[in-house]
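J.: Take this structure, written in structure tokens, and hold onto it; I'll ask about it next.
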Amino acid sequence: MLQTNKNIQNLKPSATLAINQKVQELRAKGKQVYHFGFGQSPFPIHHTIVKALQNNASNNHYLPTLGLHELQNAIAYFLKHHQNISEVNRIFIGPGSKELLYQTLLILEGTFLIPKGSWVSYLPQIKSKNGDYVILNTTFKNSFKLTPEVLEHYCNNHKTIQKTLILNSPNNPTGAVYTAVEYSALAKVCSKHNLIVLSDEIYSQINYTNHCAPSISNYYPERTIVFGGLSKVFSAGGYRLGFMTLPKKLEALHPLYKSLFSETFSAVASPIQYAAIEAYAYNDDLQQYIFNSKTILSGIANFVYSSLNQYAIEVVPTNGGFYTMIGFNTFREKLKKRGIYTNTDLATFILEEYQVALLPGSDFYLEDNELFLRLAFVDFDGEKVITAFQKENLVDQNFIKKYCPNIFNGIIRIQKFVKELEQ
Ligand code: PLP
């Protein structure tokens with residue numbers, strides 16, 4: 001009998017994996033599946049970044065543990081000028097923001113606060129070290145964004161422990177973006193209770209109404225660690241490069257990161273770090289490319305919202321990223337009659353009966369009986385779509401029907417599901 005770490009044994013496979021497996025099975029049987037489950041940037045990586053990687057392929061040296069200085073400088077400049085972040089003196093580079101977040105969770109003790117409707121990996125990472133956590137309540141009405149009142153209430157009742165709040169905006173799974181006003185109000189509570197904030201800003205520049213999303217670090221720079229990387233904004237998830245900023249007030253953590261990085265991954269691959277310098281130099285052509293890609297996503301988000309909102313489906317308006325949460329709570333009684341009680345039942349039913357893959361809200365810390373599902377709208381050929389957009393310049397229903405047929409037809413099938421429920 002193998003002896004293994006109980007904390008890791010206890011990580012149950014997420015419902016997401018089960019849905020994705022089912023999608024593969026259905027596809028293997030030759031069935032058409034409308035895949036709203038998978039959340040990867042659909043666009044090709046910009047050619048200037050690929051070129052930089054090619055030019056540095058022969059670089060076989062280990063780089064400094066915390067990252068290449070030229071890259072740290074490029075990210076600092078980028079954060080100041082394109083993400084409105086000023087606390088940029090200590091930037092660490094890691095193999096994806098996920099790993100940097102994990103190492104941060106390993107380093108910090110105390111309780112981690114996760115708003116309901118947050119990214120799937122935060123909690124398993126905490127559980128893998130048997131850490132303490134609490135899920136803070138949020139509501140559909142407020143697009144599952146944390147309010148200062150809920151945070152204040154929790155902090156008032158748990159004064160003595162160290163608390164670390166994890167925020168993510170633009171948000172996966174909801175598509176919500178915290179406004180500057182909302183962040184400023186939350187920051188007051190964070191400051192009053194001396195919280196540490198982990199601000200996951202991996203989708204920052206995919207903000208539909210401005211060049212980047214507001215950051216809580218503007219209102220609470222002293223104890224906010226910002227995370228970002230190449231995966232979403234630059235469509236380079238497979239490059240595995242992320243960064244984090246460490247504020248001066250948390251300088252005491254610096255040697256801990258250095259030791260942990262050096263004893264685990266050593267340093268990020270050298271050619272990738274050199275390629276990332278090109279990304280963060282953010283030349284005009286690249287900026288235009290990212291602007292075009294988010295304009296396309298915004299057009300699709302509008303289509304999804306208006307197509308589903310008219311059917312008594314609850315839909316969180318997407319303001320950035322490429323997700324929304326949709327809810328079927330108004331159909332609860334009708335769903336019960338079909339044996340559907342939980343969001344996992346619902347996701348399974350819609351996949352089996354309508355060939356539409358959506359992820360259950362329970363993977364994002366909603367209660368099982370809250371009938372919300374995450375919808376990722378990236379099942380299209382990004383290269384084809386961005387080329388078409390350069391000619392047509394408008395992402396309306398006709399454009400989506402022509403160039404993103406899986407999105408278009410998948411939404412029609414969700415409408416069909418609801419219409420048939422009504423009968
Ligand atoms: N944070 C959020 C909210 C994400 O959606 C993802 C990727 O899915 C990540 C972090 C991880 O990104 P990376 O590729 O930098 O590890």
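In the structure tokens, the first chain shown is A, the next is B, and so on; residue numbers restart at 1 for each chain, and ligands run from 1 in the order shown.
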To check your reading of the model: which residues sit at most 10 Å from ligand 1 when counting only C-alpha atoms and all ligand atoms? Write the answer as an mmCIF file with N, CA, C and O atoms, in the first residue's frame.

T.:
data_model
loop_
_atom_site.group_PDB
_atom_site.id
_atom_site.type_symbol
_atom_site.label_atom_id
_atom_site.label_comp_id
_atom_site.auth_asym_id
_atom_site.auth_seq_id
_atom_site.Cartn_x
_atom_site.Cartn_y
_atom_site.Cartn_z
ATOM 1 N N PHE A 38 -14.538 25.162 -22.057
ATOM 2 C CA PHE A 38 -13.090 25.290 -22.087
ATOM 3 C C PHE A 38 -12.673 26.759 -22.170
ATOM 4 O O PHE A 38 -13.125 27.476 -23.059
ATOM 5 N N GLY A 39 -11.804 27.198 -21.260
ATOM 6 C CA GLY A 39 -11.476 28.629 -21.187
ATOM 7 C C GLY A 39 -10.068 28.990 -21.601
ATOM 8 O O GLY A 39 -9.301 29.473 -20.792
ATOM 9 N N GLN A 40 -9.747 28.767 -22.864
ATOM 10 C CA GLN A 40 -8.407 29.149 -23.337
ATOM 11 C C GLN A 40 -8.543 30.266 -24.363
ATOM 12 O O GLN A 40 -9.471 30.250 -25.163
ATOM 13 N N SER A 41 -7.600 31.215 -24.371
ATOM 14 C CA SER A 41 -7.684 32.279 -25.376
ATOM 15 C C SER A 41 -7.670 31.658 -26.775
ATOM 16 O O SER A 41 -6.828 30.831 -27.081
ATOM 17 N N GLY A 94 7.623 33.562 -12.727
ATOM 18 C CA GLY A 94 7.449 32.132 -12.439
ATOM 19 C C GLY A 94 6.805 31.410 -13.619
ATOM 20 O O GLY A 94 6.357 32.051 -14.581
ATOM 21 N N PRO A 95 6.739 30.071 -13.545
ATOM 22 C CA PRO A 95 6.141 29.292 -14.643
ATOM 23 C C PRO A 95 4.612 29.318 -14.593
ATOM 24 O O PRO A 95 3.978 28.333 -14.238
ATOM 25 N N GLY A 96 4.051 30.474 -14.882
ATOM 26 C CA GLY A 96 2.596 30.665 -14.833
ATOM 27 C C GLY A 96 2.194 31.336 -13.536
ATOM 28 O O GLY A 96 2.820 31.140 -12.486
ATOM 29 N N SER A 97 1.134 32.133 -13.601
ATOM 30 C CA SER A 97 0.672 32.806 -12.385
ATOM 31 C C SER A 97 0.109 31.786 -11.402
ATOM 32 O O SER A 97 0.108 32.002 -10.186
ATOM 33 N N LYS A 98 -0.348 30.651 -11.913
ATOM 34 C CA LYS A 98 -0.901 29.610 -11.046
ATOM 35 C C LYS A 98 0.156 29.111 -10.065
ATOM 36 O O LYS A 98 -0.107 28.937 -8.873
ATOM 37 N N GLU A 99 1.362 28.885 -10.560
ATOM 38 C CA GLU A 99 2.446 28.413 -9.696
ATOM 39 C C GLU A 99 2.855 29.507 -8.694
ATOM 40 O O GLU A 99 3.131 29.224 -7.525
ATOM 41 N N LEU A 100 2.861 30.747 -9.152
ATOM 42 C CA LEU A 100 3.243 31.848 -8.247
ATOM 43 C C LEU A 100 2.214 31.995 -7.129
ATOM 44 O O LEU A 100 2.552 32.255 -5.970
ATOM 45 N N LEU A 101 0.982 31.818 -7.511
ATOM 46 C CA LEU A 101 -0.085 31.884 -6.516
ATOM 47 C C LEU A 101 0.077 30.741 -5.510
ATOM 48 O O LEU A 101 -0.038 30.936 -4.300
ATOM 49 N N TYR A 102 0.376 29.578 -6.027
ATOM 50 C CA TYR A 102 0.525 28.402 -5.163
ATOM 51 C C TYR A 102 1.679 28.602 -4.179
ATOM 52 O O TYR A 102 1.547 28.324 -2.983
ATOM 53 N N SER A 118 -15.416 32.267 -7.671
ATOM 54 C CA SER A 118 -13.994 32.533 -7.954
ATOM 55 C C SER A 118 -13.389 31.358 -8.717
ATOM 56 O O SER A 118 -13.989 30.292 -8.841
ATOM 57 N N TRP A 119 -12.167 31.577 -9.162
ATOM 58 C CA TRP A 119 -11.482 30.604 -10.022
ATOM 59 C C TRP A 119 -11.348 29.241 -9.343
ATOM 60 O O TRP A 119 -11.075 29.146 -8.137
ATOM 61 N N VAL A 120 -11.475 28.209 -10.174
ATOM 62 C CA VAL A 120 -11.554 26.825 -9.718
ATOM 63 C C VAL A 120 -10.327 26.351 -8.921
ATOM 64 O O VAL A 120 -10.464 25.506 -8.030
ATOM 65 N N SER A 121 -9.147 26.886 -9.182
ATOM 66 C CA SER A 121 -7.935 26.309 -8.563
ATOM 67 C C SER A 121 -7.564 26.877 -7.188
ATOM 68 O O SER A 121 -6.709 26.307 -6.508
ATOM 69 N N TYR A 122 -8.154 28.007 -6.803
ATOM 70 C CA TYR A 122 -7.712 28.604 -5.522
ATOM 71 C C TYR A 122 -7.869 27.613 -4.365
ATOM 72 O O TYR A 122 -6.952 27.419 -3.570
ATOM 73 N N LEU A 167 -8.683 38.106 -4.758
ATOM 74 C CA LEU A 167 -9.619 38.777 -5.666
ATOM 75 C C LEU A 167 -9.178 38.530 -7.106
ATOM 76 O O LEU A 167 -7.971 38.387 -7.367
ATOM 77 N N ASN A 168 -10.136 38.538 -8.008
ATOM 78 C CA ASN A 168 -9.825 38.309 -9.420
ATOM 79 C C ASN A 168 -10.763 39.163 -10.274
ATOM 80 O O ASN A 168 -11.970 39.026 -10.185
ATOM 81 N N SER A 169 -10.162 40.039 -11.069
ATOM 82 C CA SER A 169 -10.961 40.905 -11.937
ATOM 83 C C SER A 169 -10.100 41.322 -13.126
ATOM 84 O O SER A 169 -8.945 41.705 -12.914
ATOM 85 N N PRO A 170 -10.638 41.218 -14.362
ATOM 86 C CA PRO A 170 -11.862 40.580 -14.797
ATOM 87 C C PRO A 170 -11.913 39.131 -14.328
ATOM 88 O O PRO A 170 -10.884 38.477 -14.254
ATOM 89 N N ASN A 171 -13.142 38.701 -14.051
ATOM 90 C CA ASN A 171 -13.285 37.467 -13.292
ATOM 91 C C ASN A 171 -13.579 36.229 -14.152
ATOM 92 O O ASN A 171 -14.354 36.274 -15.089
ATOM 93 N N ASN A 172 -12.911 35.197 -13.789
ATOM 94 C CA ASN A 172 -13.252 33.843 -14.238
ATOM 95 C C ASN A 172 -13.808 33.160 -12.989
ATOM 96 O O ASN A 172 -13.066 33.039 -12.010
ATOM 97 N N PRO A 173 -15.035 32.806 -12.914
ATOM 98 C CA PRO A 173 -15.998 32.429 -13.942
ATOM 99 C C PRO A 173 -17.041 33.464 -14.366
ATOM 100 O O PRO A 173 -17.847 33.164 -15.246
ATOM 101 N N SER A 199 -4.189 39.839 -5.736
ATOM 102 C CA SER A 199 -5.039 40.366 -6.796
ATOM 103 C C SER A 199 -4.667 39.694 -8.118
ATOM 104 O O SER A 199 -3.633 39.993 -8.713
ATOM 105 N N ASP A 200 -5.534 38.777 -8.536
ATOM 106 C CA ASP A 200 -5.290 38.002 -9.750
ATOM 107 C C ASP A 200 -5.788 38.828 -10.935
ATOM 108 O O ASP A 200 -6.987 38.927 -11.167
ATOM 109 N N GLU A 201 -4.812 39.414 -11.685
ATOM 110 C CA GLU A 201 -5.165 40.330 -12.773
ATOM 111 C C GLU A 201 -4.742 39.749 -14.120
ATOM 112 O O GLU A 201 -4.339 40.468 -15.028
ATOM 113 N N ILE A 202 -4.860 38.442 -14.233
ATOM 114 C CA ILE A 202 -4.391 37.739 -15.429
ATOM 115 C C ILE A 202 -5.159 38.165 -16.689
ATOM 116 O O ILE A 202 -4.655 38.032 -17.801
ATOM 117 N N TYR A 203 -6.384 38.712 -16.517
ATOM 118 C CA TYR A 203 -7.182 39.164 -17.680
ATOM 119 C C TYR A 203 -7.192 40.697 -17.801
ATOM 120 O O TYR A 203 -8.037 41.241 -18.520
ATOM 121 N N PHE A 227 -0.880 39.573 -9.505
ATOM 122 C CA PHE A 227 -0.455 38.449 -10.351
ATOM 123 C C PHE A 227 -0.891 38.701 -11.799
ATOM 124 O O PHE A 227 -1.977 39.240 -12.040
ATOM 125 N N GLY A 228 -0.038 38.298 -12.734
ATOM 126 C CA GLY A 228 -0.390 38.434 -14.155
ATOM 127 C C GLY A 228 0.457 37.468 -14.960
ATOM 128 O O GLY A 228 1.182 36.640 -14.394
ATOM 129 N N GLY A 229 0.375 37.579 -16.276
ATOM 130 C CA GLY A 229 1.186 36.673 -17.092
ATOM 131 C C GLY A 229 0.801 36.700 -18.555
ATOM 132 O O GLY A 229 -0.044 37.494 -18.977
ATOM 133 N N LEU A 230 1.423 35.802 -19.312
ATOM 134 C CA LEU A 230 1.253 35.792 -20.769
ATOM 135 C C LEU A 230 -0.003 35.066 -21.227
ATOM 136 O O LEU A 230 -0.417 35.200 -22.374
ATOM 137 N N SER A 231 -0.626 34.264 -20.334
ATOM 138 C CA SER A 231 -1.589 33.265 -20.793
ATOM 139 C C SER A 231 -2.840 33.815 -21.474
ATOM 140 O O SER A 231 -3.290 33.254 -22.458
ATOM 141 N N LYS A 232 -3.402 34.874 -20.930
ATOM 142 C CA LYS A 232 -4.716 35.302 -21.436
ATOM 143 C C LYS A 232 -4.572 36.499 -22.371
ATOM 144 O O LYS A 232 -5.002 36.460 -23.512
ATOM 145 N N SER A 235 -2.406 35.464 -25.170
ATOM 146 C CA SER A 235 -2.811 34.168 -25.757
ATOM 147 C C SER A 235 -1.684 33.142 -25.748
ATOM 148 O O SER A 235 -1.491 32.407 -26.720
ATOM 149 N N ALA A 236 -0.899 33.095 -24.682
ATOM 150 C CA ALA A 236 0.261 32.201 -24.664
ATOM 151 C C ALA A 236 0.275 31.342 -23.403
ATOM 152 O O ALA A 236 1.311 31.246 -22.722
ATOM 153 N N GLY A 237 -0.849 30.696 -23.117
ATOM 154 C CA GLY A 237 -0.938 29.842 -21.923
ATOM 155 C C GLY A 237 0.144 28.775 -21.902
ATOM 156 O O GLY A 237 0.727 28.471 -20.858
ATOM 157 N N GLY A 238 0.419 28.219 -23.077
ATOM 158 C CA GLY A 238 1.403 27.132 -23.150
ATOM 159 C C GLY A 238 2.846 27.585 -22.943
ATOM 160 O O GLY A 238 3.722 26.747 -22.742
ATOM 161 N N TYR A 239 3.101 28.883 -23.002
ATOM 162 C CA TYR A 239 4.462 29.359 -22.727
ATOM 163 C C TYR A 239 4.790 29.239 -21.237
ATOM 164 O O TYR A 239 5.941 29.224 -20.858
ATOM 165 N N ARG A 240 3.794 29.197 -20.417
ATOM 166 C CA ARG A 240 3.928 29.068 -18.965
ATOM 167 C C ARG A 240 4.819 30.166 -18.381
ATOM 168 O O ARG A 240 5.881 29.881 -17.804
ATOM 169 N N LEU A 241 4.406 31.394 -18.517
ATOM 170 C CA LEU A 241 5.138 32.483 -17.856
ATOM 171 C C LEU A 241 4.164 33.422 -17.162
ATOM 172 O O LEU A 241 3.213 33.916 -17.781
ATOM 173 N N GLY A 242 4.396 33.617 -15.871
ATOM 174 C CA GLY A 242 3.589 34.555 -15.102
ATOM 175 C C GLY A 242 4.515 35.451 -14.282
ATOM 176 O O GLY A 242 5.725 35.204 -14.197
ATOM 177 N N PHE A 243 3.915 36.488 -13.702
ATOM 178 C CA PHE A 243 4.701 37.357 -12.818
ATOM 179 C C PHE A 243 3.878 37.723 -11.598
ATOM 180 O O PHE A 243 2.645 37.554 -11.585
ATOM 181 N N GLY A 321 -12.634 39.686 -20.056
ATOM 182 C CA GLY A 321 -12.352 38.253 -20.107
ATOM 183 C C GLY A 321 -13.255 37.557 -21.113
ATOM 184 O O GLY A 321 -13.806 38.200 -22.022
ATOM 185 N N PHE A 322 -13.474 36.260 -20.938
ATOM 186 C CA PHE A 322 -14.314 35.564 -21.919
ATOM 187 C C PHE A 322 -15.277 34.550 -21.293
ATOM 188 O O PHE A 322 -15.449 33.446 -21.789
ATOM 189 N N TYR A 323 -15.868 34.983 -20.159
ATOM 190 C CA TYR A 323 -16.804 34.102 -19.459
ATOM 191 C C TYR A 323 -18.044 34.860 -19.035
ATOM 192 O O TYR A 323 -18.023 36.087 -18.896
#

J.: Mind dumping a table of every stretch 17-92 of chain A residue within 7 Å of stretch 352-363 of chain A, with the nearest atom pair and its distance in Å to one decimal, using only C-alpha atoms, sorted by chain and rising number, as CSV?

T.:
residue,atom,partner,partner_atom,distance
A:Gln32,CA,A:Gln355,CA,6.9
A:Val33,CA,A:Gln355,CA,4.9
A:Tyr34,CA,A:Val356,CA,4.7
A:His35,CA,A:Ala357,CA,4.9
A:Phe36,CA,A:Leu358,CA,5.2
A:Gly37,CA,A:Leu358,CA,4.8

J.: Could you pull out the residues in stretch 137-266 of chain A that DSSP calls strand (DSSP E) from the backbone, as a JSON list (two decimals) with N, CA, C and O atoms, in the first residue's frame?

T.:
[["chain", "number", "residue", "atom", "x", "y", "z"],
["A", 163, "LYS", "N", -5.31, 37.35, 7.77],
["A", 163, "LYS", "CA", -6.29, 37.06, 6.72],
["A", 163, "LYS", "C", -5.74, 37.48, 5.35],
["A", 163, "LYS", "O", -5.19, 38.58, 5.22],
["A", 164, "THR", "N", -5.91, 36.61, 4.37],
["A", 164, "THR", "CA", -5.47, 36.91, 3.00],
["A", 164, "THR", "C", -6.67, 36.78, 2.07],
["A", 164, "THR", "O", -7.27, 35.70, 1.98],
["A", 165, "LEU", "N", -7.00, 37.87, 1.41],
["A", 165, "LEU", "CA", -8.16, 37.89, 0.51],
["A", 165, "LEU", "C", -7.70, 37.67, -0.93],
["A", 165, "LEU", "O", -6.74, 38.31, -1.38],
["A", 166, "ILE", "N", -8.39, 36.76, -1.64],
["A", 166, "ILE", "CA", -8.05, 36.52, -3.04],
["A", 166, "ILE", "C", -9.11, 37.15, -3.93],
["A", 166, "ILE", "O", -10.29, 36.80, -3.85],
["A", 167, "LEU", "N", -8.68, 38.11, -4.76],
["A", 167, "LEU", "CA", -9.62, 38.78, -5.67],
["A", 167, "LEU", "C", -9.18, 38.53, -7.11],
["A", 167, "LEU", "O", -7.97, 38.39, -7.37],
["A", 168, "ASN", "N", -10.14, 38.54, -8.01],
["A", 168, "ASN", "CA", -9.82, 38.31, -9.42],
["A", 168, "ASN", "C", -10.76, 39.16, -10.27],
["A", 168, "ASN", "O", -11.97, 39.03, -10.19],
["A", 196, "ILE", "N", -3.91, 40.92, 3.80],
["A", 196, "ILE", "CA", -3.05, 40.77, 2.63],
["A", 196, "ILE", "C", -4.00, 40.50, 1.48],
["A", 196, "ILE", "O", -4.98, 39.76, 1.63],
["A", 197, "VAL", "N", -3.76, 41.12, 0.31],
["A", 197, "VAL", "CA", -4.63, 40.89, -0.84],
["A", 197, "VAL", "C", -3.82, 40.26, -1.97],
["A", 197, "VAL", "O", -2.75, 40.77, -2.33],
["A", 198, "LEU", "N", -4.32, 39.15, -2.51],
["A", 198, "LEU", "CA", -3.75, 38.56, -3.71],
["A", 198, "LEU", "C", -4.67, 38.97, -4.86],
["A", 198, "LEU", "O", -5.83, 38.53, -4.90],
["A", 199, "SER", "N", -4.19, 39.84, -5.74],
["A", 199, "SER", "CA", -5.04, 40.37, -6.80],
["A", 199, "SER", "C", -4.67, 39.69, -8.12],
["A", 199, "SER", "O", -3.63, 39.99, -8.71],
["A", 200, "ASP", "N", -5.53, 38.78, -8.54],
["A", 200, "ASP", "CA", -5.29, 38.00, -9.75],
["A", 200, "ASP", "C", -5.79, 38.83, -10.93],
["A", 200, "ASP", "O", -6.99, 38.93, -11.17],
["A", 224, "THR", "N", -0.87, 44.59, -1.19],
["A", 224, "THR", "CA", -1.48, 43.86, -2.31],
["A", 224, "THR", "C", -0.38, 43.26, -3.20],
["A", 224, "THR", "O", 0.54, 43.97, -3.62],
["A", 225, "ILE", "N", -0.50, 41.97, -3.46],
["A", 225, "ILE", "CA", 0.39, 41.30, -4.41],
["A", 225, "ILE", "C", -0.40, 41.11, -5.70],
["A", 225, "ILE", "O", -1.51, 40.55, -5.67],
["A", 226, "VAL", "N", 0.13, 41.62, -6.81],
["A", 226, "VAL", "CA", -0.59, 41.52, -8.09],
["A", 226, "VAL", "C", 0.00, 40.36, -8.91],
["A", 226, "VAL", "O", 1.22, 40.20, -8.97],
["A", 227, "PHE", "N", -0.88, 39.57, -9.50],
["A", 227, "PHE", "CA", -0.46, 38.45, -10.35],
["A", 227, "PHE", "C", -0.89, 38.70, -11.80],
["A", 227, "PHE", "O", -1.98, 39.24, -12.04],
["A", 228, "GLY", "N", -0.04, 38.30, -12.73],
["A", 228, "GLY", "CA", -0.39, 38.43, -14.16],
["A", 228, "GLY", "C", 0.46, 37.47, -14.96],
["A", 228, "GLY", "O", 1.18, 36.64, -14.39],
["A", 229, "GLY", "N", 0.38, 37.58, -16.28],
["A", 229, "GLY", "CA", 1.19, 36.67, -17.09],
["A", 229, "GLY", "C", 0.80, 36.70, -18.55],
["A", 229, "GLY", "O", -0.04, 37.49, -18.98],
["A", 242, "GLY", "N", 4.40, 33.62, -15.87],
["A", 242, "GLY", "CA", 3.59, 34.56, -15.10],
["A", 242, "GLY", "C", 4.51, 35.45, -14.28],
["A", 242, "GLY", "O", 5.72, 35.20, -14.20],
["A", 243, "PHE", "N", 3.91, 36.49, -13.70],
["A", 243, "PHE", "CA", 4.70, 37.36, -12.82],
["A", 243, "PHE", "C", 3.88, 37.72, -11.60],
["A", 243, "PHE", "O", 2.65, 37.55, -11.59],
["A", 244, "MET", "N", 4.57, 38.20, -10.57],
["A", 244, "MET", "CA", 3.89, 38.77, -9.40],
["A", 244, "MET", "C", 4.68, 39.98, -8.93],
["A", 244, "MET", "O", 5.90, 40.07, -9.19],
["A", 245, "THR", "N", 3.98, 40.90, -8.28],
["A", 245, "THR", "CA", 4.67, 42.06, -7.71],
["A", 245, "THR", "C", 4.67, 41.90, -6.18],
["A", 245, "THR", "O", 3.68, 41.42, -5.62]]

J.: Residues within 12 Å of A:Ser259, please, as a short mmCIF file (atom, residue, chain, number, x, y, z; two decimals) with C-alpha atoms, in the first residue's frame. Count only C-alpha atoms; anything in the same chain fewer than 4 positions from it doesn't count.

T.:
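To be explicit, this is the file written out as around.cif:
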data_model
loop_
_atom_site.label_atom_id
_atom_site.label_comp_id
_atom_site.auth_asym_id
_atom_site.auth_seq_id
_atom_site.Cartn_x
_atom_site.Cartn_y
_atom_site.Cartn_z
CA THR A 65 15.81 32.56 -9.79
CA LEU A 66 13.41 35.48 -9.51
CA GLN A 103 3.93 29.33 -3.79
CA ILE A 107 4.41 30.81 2.22
CA LEU A 253 8.65 37.67 2.16
CA HIS A 254 11.36 38.30 -0.46
CA PRO A 255 13.91 35.73 0.83
CA GLU A 263 14.36 24.75 -4.44
CA THR A 264 11.42 24.00 -6.72
CA PHE A 265 11.44 25.31 -10.32
CA SER A 266 14.85 27.12 -10.27
CA ALA A 267 13.89 29.69 -12.92
#

J.: Go through A:Leu11, A:Tyr365, A:Ala312, A:Gly410 and flag the residue nearest A:Val134, using only C-alpha atoms for the distances.

T.: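 For A:Val134, the nearest of the candidates is A:Tyr365.
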
J.: Run DSSP on the backbone of this structure and report the residues of stretch 206-410 of chain A it assigns to alpha helix (DSSP H), as a ChimeraX atom specification.

T.: /A:254-264,270-281,284-309,332-337,343-354,382-392,397-403,405-410

J.: Can you pull out the residues contacting A:Tyr311? Cut-off 9 Å, using only C-alpha atoms, and skip same-chain residues under 6 positions away; I want them as a VMD selection string.

T.: chain A and resid 415 418 to 419

J.: Can you tell me, as a count of residues only, what residues are no more than 12 Å from A:Leu195 when counting only C-alpha atoms, ignoring any on the same chain fewer than 5 positions away?

T.: 30

J.: Give me the residues near A:Ile49 as a list in words, where near means some atom within 8 Å (using only C-alpha atoms) and where sequence neighbours in that chain fewer than 6 positions away do not count.

T.: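 The filter keeps Ala275, Ala276, Glu278 and Ala279 of chain A.
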
J.: Of the residues A:Phe144, A:Phe417, A:Ile114, A:His61, which is the one nearest to A:Phe349, using only C-alpha atoms?

T.: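 So, comparing all the options, the nearest one is A:Phe417.
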
J.: In terms of the shortest atom-to-atom distance over only C-alpha atoms, which of A:Ile272, A:Ile135, A:Ala18, A:Leu366 is closest to A:Asn55?

T.: A:Ile272

J.: Considering only C-alpha atoms, return as a list in words whatever protein or nucleic-acid residues lie within 12 Å of A:Thr209, sequence-local ones (same chain, fewer than 5 positions apart) excluded.

T.: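 Returned residues: Pro170, Val177, Thr179, Ser204, Pro214, Phe291, Lys294, Thr295, Leu297, Ser298, Thr318, Asn319, Gly320 and Gly321 of chain A.
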
J.: Take the residues from that selection and write them out as a compact mmCIF listing (two decimals), in the first residue's frame, keeping all heavy atoms.

T.:
# COMPACT_ATOMS: atom_id res chain seq x y z
N PRO A 170 -10.64 41.22 -14.36
CA PRO A 170 -11.86 40.58 -14.80
C PRO A 170 -11.91 39.13 -14.33
O PRO A 170 -10.88 38.48 -14.25
CB PRO A 170 -11.79 40.67 -16.33
CG PRO A 170 -10.90 41.85 -16.61
CD PRO A 170 -9.90 41.84 -15.50
N VAL A 177 -16.25 42.77 -13.68
CA VAL A 177 -15.05 43.59 -13.45
C VAL A 177 -15.37 44.54 -12.30
O VAL A 177 -16.38 45.25 -12.34
CB VAL A 177 -14.68 44.39 -14.73
CG1 VAL A 177 -13.51 45.33 -14.46
CG2 VAL A 177 -14.34 43.45 -15.89
N THR A 179 -15.30 47.87 -10.33
CA THR A 179 -15.06 49.27 -10.72
C THR A 179 -14.06 49.88 -9.74
O THR A 179 -13.83 49.33 -8.64
CB THR A 179 -16.36 50.09 -10.66
OG1 THR A 179 -16.79 50.11 -9.28
CG2 THR A 179 -17.45 49.50 -11.53
N SER A 204 -6.31 41.39 -17.12
CA SER A 204 -6.43 42.85 -16.97
C SER A 204 -6.72 43.63 -18.26
O SER A 204 -7.62 44.45 -18.31
CB SER A 204 -5.16 43.42 -16.32
OG SER A 204 -5.27 44.80 -16.25
N PRO A 214 -9.50 48.19 -13.50
CA PRO A 214 -8.98 48.81 -12.28
C PRO A 214 -8.28 47.75 -11.41
O PRO A 214 -8.64 46.57 -11.46
CB PRO A 214 -10.23 49.33 -11.57
CG PRO A 214 -11.26 49.46 -12.64
CD PRO A 214 -10.95 48.38 -13.64
N PHE A 291 -6.35 44.93 -28.81
CA PHE A 291 -7.58 45.72 -28.87
C PHE A 291 -8.61 45.02 -29.77
O PHE A 291 -9.78 44.89 -29.41
CB PHE A 291 -7.27 47.13 -29.39
CG PHE A 291 -8.48 48.00 -29.45
CD1 PHE A 291 -8.99 48.59 -28.30
CD2 PHE A 291 -9.17 48.18 -30.65
CE1 PHE A 291 -10.14 49.36 -28.35
CE2 PHE A 291 -10.32 48.94 -30.71
CZ PHE A 291 -10.80 49.54 -29.56
N LYS A 294 -10.06 41.90 -28.07
CA LYS A 294 -11.07 42.14 -27.02
C LYS A 294 -12.34 42.77 -27.59
O LYS A 294 -13.43 42.58 -27.04
CB LYS A 294 -10.48 42.92 -25.86
CG LYS A 294 -10.35 44.38 -26.04
CD LYS A 294 -9.92 45.00 -24.74
CE LYS A 294 -9.72 46.47 -24.90
NZ LYS A 294 -9.17 47.08 -23.70
N THR A 295 -12.24 43.46 -28.72
CA THR A 295 -13.45 43.99 -29.36
C THR A 295 -14.31 42.82 -29.85
O THR A 295 -15.54 42.83 -29.74
CB THR A 295 -13.08 44.92 -30.54
OG1 THR A 295 -12.17 45.90 -30.04
CG2 THR A 295 -14.29 45.60 -31.13
N LEU A 297 -14.29 39.76 -28.55
CA LEU A 297 -14.85 39.10 -27.35
C LEU A 297 -16.03 39.90 -26.81
O LEU A 297 -17.05 39.33 -26.40
CB LEU A 297 -13.77 38.94 -26.28
CG LEU A 297 -12.67 37.92 -26.62
CD1 LEU A 297 -11.52 38.00 -25.61
CD2 LEU A 297 -13.23 36.49 -26.65
N SER A 298 -15.90 41.23 -26.85
CA SER A 298 -16.96 42.08 -26.34
C SER A 298 -18.23 41.92 -27.20
O SER A 298 -19.35 41.84 -26.67
CB SER A 298 -16.46 43.53 -26.33
OG SER A 298 -17.51 44.40 -26.15
N THR A 318 -20.96 40.41 -18.97
CA THR A 318 -19.50 40.27 -19.05
C THR A 318 -18.89 41.63 -19.39
O THR A 318 -19.25 42.24 -20.39
CB THR A 318 -19.13 39.25 -20.15
OG1 THR A 318 -19.78 38.02 -19.87
CG2 THR A 318 -17.63 39.03 -20.21
N ASN A 319 -17.98 42.08 -18.58
CA ASN A 319 -17.29 43.35 -18.85
C ASN A 319 -15.82 43.16 -19.18
O ASN A 319 -15.10 44.11 -19.47
CB ASN A 319 -17.44 44.30 -17.65
CG ASN A 319 -18.87 44.73 -17.48
OD1 ASN A 319 -19.54 45.07 -18.45
ND2 ASN A 319 -19.37 44.67 -16.25
N GLY A 320 -15.35 41.93 -19.11
CA GLY A 320 -13.96 41.63 -19.45
C GLY A 320 -13.74 40.13 -19.44
O GLY A 320 -14.56 39.39 -18.89
N GLY A 321 -12.63 39.69 -20.06
CA GLY A 321 -12.35 38.25 -20.11
C GLY A 321 -13.26 37.56 -21.11
O GLY A 321 -13.81 38.20 -22.02
